[in-house]
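Notes follow once the structure below has been shown.
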Amino acid sequence: MEAYDVAIAGGGAAGLSAALVLGRARRRVAVIDVGAPRNAPAAHMQGFLSRDGMPPADLLAKGRQEATSYGVELLSDQVVGISPGFVVHLASARTVTARRILMATGAGDELPDIPGVRQRWGKDLLHCPYCHGWEVRDQPLGVLGGLPGSVQHALLVRQWSDDVVFFARTQDLTLAEQRQLESRGILVMSGEVARLVVEDGRLTGVELTDGRVVARTAVFVRPGNIPHDDGLLAGLGCELNEAGFPLVDGTGLTSVPGVWAAGNVADPRAQVITSAGAGSAAAIAINADLVREDVEQAVTGLAGSPPPWGRGLPRGTSGRLPVGARHGCPVRLRRLGHPFRRGDCRPLLHQQ
C-alpha cells in the first residue's frame with residue numbers, strides 16, 4: 001500500500017494548484033482524478049490572469065506537467081471511499097494511505113429539463129456572464145427564469161447587452177421584480193419554454209409552448225449547484241451546510257482535523273482562478289500542519305534520550321558540568337579530560 005503525505009481527490013484547478021505547492025514543499029503527493037472536469041463543455045476559459053481565452057483542457061494539461069515536475073504522482077482513478085486513518089479506496093480496488101486529505105472533486109449543475117439545454121450547455125447556453133458575457137456582448141440575449149436568483153441574473157446580464165429577454169416560465173414575479181426588470185429595459189415573456197431552437201449547430205431562438213419563437217443568439221441560466229453524491233465528505237464526518245457542501249475555514253479546513261476542501265466542492269460558484277487560489281491556500285495550510293506534526297514527532301522521539309549538551313561528558317558528572325567548566329574555563333576542562341579548541345573556550349560537548 002502506497003503511503004503519501006497528502007492525497008488529493010480531484011485534479012482540476014484547485015487540486016492541481018495544491019499539488020504544485022505541496023510538491024514544491026517536498027511532500028509526497030498523489031492526485032487522484034477520473035478526468036471529468038465541470039467546465040469540459042466550455043471551449044475557452046476567461047478571466048484567468050495570463051491565461052484568458054485558454055481552453056480548459058490546455059490549462060489542466062499544463063498544470064499536470066508542472067505538478068509532476070516536482071514529483072507529484074497522478075493516479076487516473078476515482079476515490080470511492082476513505083476509511084479511518086485516511087486509507088483511500090479507489091475504484092480500481094487499489095488503496096493508498098495519506099497523512100492529510102484534500103477534497104477537490106468539484107460540484108454539479110442542475111439544469112432545467114428543457115429540450116436543447118444539455119446539448120447547448122457551455123456553448124451558447126451559458127451560466128456566468130463574467131465568464132462568457134464579453135463574447136456575446138451587444139447580442140440579443142435571453143435569461144431563463146423559474147430558478148432561484150433568476151431575476152438578479154437577468155439584471156446582471158443586462159450589463160453586457162441592452163437587448164435582454166427574461167423568460168419567466170412558471171415564475172411569478174413580484175411587483176418589485178417587475179419594476180426592476182422594466183427599469184432596465186428587460187422584456188418579460190410569460191409562458192413555459194418548449195425548447196431551444198438550434199439551426200446549423202448554433203442557437204437561434206427560444207420557442208414557447210404556445211408556438212411563439214423569440215430570436216436569441218445566446219441564453220443564460222443560473223443553474224442549481226449540487227454536491228456530488230459520492231458521500232465522501234459525509235463519510236469522513238465533515239459538517240455540511242443545508243445544501244450539502246462542507247463548512248470550511250479560510251484555508252479550506254473542514255470540521256474534521258486533517259481534511260481540507262478547496263474549489264467548487266466547497267464554493268460551487270467559484271471561478272477557475274478562484275478555485276486555483278483556494279487550492280494554493282489549502283496546500284500552504286496543509287504543509288504547515290504537517291510541519292507541526294513532524295516537529296511534535298521529532299520532540300517525542302528525543303524524550304528519554306540524554307540532552308545533546310550532556311553527551312560525551314566524563315562518567316560521574318551526571319550530565320552536568322562544574323561551574324567553571326560550564327563557563328568554558330580551559331583549566332577546569334583539562335582537569336575533566338575534556339578537549340577544547342585553541343582560541344575557543346567552549347567545550348566540545350557534541351563529540352560522539
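Identifiers in the C-alpha cells: chain A, B, ... in order shown; residue index from 1 per chain; ligand index from 1 in order shown.
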
*Got a sec: who's within 7 Å of Glu207 (chain A), counting only C-alpha atoms, leaving out chain neighbours fewer than 4 positions off, as a ChimeraX atom specification?*
/A:193-197,211-214

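Neighbours of region 288-304 of chain A closer than or equal to 12 Å, with only C-alpha atoms counted and sequence neighbours fewer than 5 positions away skipped, come out as Tyr4, Asp5, Val6, Val21, Leu22, Ala25, Arg26, Arg27, Arg28, Ala98, Arg99, Arg100, Ile101, Thr251, Leu253, Pro257, Gly258, Val259, Trp260, Ala281, Ala282 and Ala283 of chain A.
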
*Select from region 61-97 of chain A everything DSSP, run on the backbone, classes as strand (DSSP E), then give the selection as JSON, numbers by chain.*
{"A": [73, 74, 75, 76, 79, 80, 81, 82, 83, 87, 88, 89, 90, 95, 96, 97]}

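From CA of Thr105 (chain A) back to CA of Arg64 (chain A), the distance works out to 15.8 Å.
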
*Identify which of the residues A:Pro41, A:Pro268, A:Gly23, A:Pro115 lies closest to Leu208 (chain A), counting only C-alpha atoms when measuring atom-to-atom distances.*
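The answer is A:Pro115, which sits nearest to Leu208 (chain A).
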
*Residues at most 12 Å from Ser92 (chain A), counting only C-alpha atoms, excluding those fewer than 4 positions away in the same chain, as an NGL selection string?*
:A and (32 or 34 or 75-81 or 88 or 96)

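Minimum atom-to-atom distances from A:Val29, A:Val206, A:Ile186, A:Ala18 to Ala285 (chain A) were compared using only C-alpha atoms, and the lowest value belongs to A:Ala18.
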
*Pick from A:Glu110, A:Asp210, A:Glu73, A:Asp163, whichever lies nearest to Ser190 (chain A) using only C-alpha atoms*: A:Asp210

*Taking only C-alpha atoms into account, which of A:Leu141, A:Val72, A:Asp200, A:Cys131 comes nearest Asn39 (chain A)?*
A:Cys131

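Pairwise distance (CA of Leu232 (chain A), CA of Val31 (chain A)) equals 15.8 Å.
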
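By only C-alpha atoms, and with residues fewer than 3 positions from region 146-154 of chain A along its chain excluded, the set lying at most 6 Å from it is Val143, Val157, Arg169, Thr170 and Gln171 of chain A.
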
*In Å, with one decimal, what is the gap from CA of Ala168 (chain A) to CA of Ala42 (chain A)?*
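Taking CA of Ala168 (chain A) and CA of Ala42 (chain A), their separation equals 25.9 Å.
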
*Which polymer residues have any atom within 10 Å of an atom of Ala13 (chain A), counting only C-alpha atoms, with same-chain residues fewer than 6 positions away left out, as an MDAnalysis selection string?*
chainID A and resid 19 37 56 59:60 63:64 104 106 262:264 271:280

*For Glu66 (chain A), please output as a list in words all residues within 9 Å (counting only C-alpha atoms; exclusion window: fewer than 5 positions along the same chain).*
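With the cut-off at 9 Å, the set is Leu16, Leu20 and Ala61 of chain A.
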
Please run DSSP on the backbone and report, as a short mmCIF file (atom, residue, chain, number, x, y, z; two decimals) with N, CA and C atoms, in the first residue's frame, all residues within region 193-258 of chain A that come out as helix (DSSP H, G or I).
data_model
loop_
_atom_site.label_atom_id
_atom_site.label_comp_id
_atom_site.auth_asym_id
_atom_site.auth_seq_id
_atom_site.Cartn_x
_atom_site.Cartn_y
_atom_site.Cartn_z
N LEU A 232 -18.36 11.16 0.18
CA LEU A 232 -17.02 11.10 0.77
C LEU A 232 -16.88 12.02 1.98
N LEU A 233 -17.31 13.26 1.84
CA LEU A 233 -17.17 14.21 2.95
C LEU A 233 -18.05 13.80 4.13
N ALA A 234 -19.27 13.38 3.84
CA ALA A 234 -20.16 12.94 4.91
C ALA A 234 -19.59 11.70 5.58
N GLY A 235 -19.00 10.81 4.78
CA GLY A 235 -18.41 9.60 5.34
C GLY A 235 -17.24 9.88 6.26
N LEU A 236 -16.54 10.97 6.00
CA LEU A 236 -15.43 11.37 6.86
C LEU A 236 -15.92 12.06 8.13
#

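Between Leu111 (chain A) and the residues A:Leu187, A:Cys128, A:Leu247, A:Ile226, the shortest atom-to-atom distance, using only C-alpha atoms, involves A:Ile226.
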
*Distance query Gly53 (chain A) at most 6 Å, only C-alpha atoms, self and fewer than 4 positions along chain excluded, as a PyMOL selection string*: chain A and resi 44-46
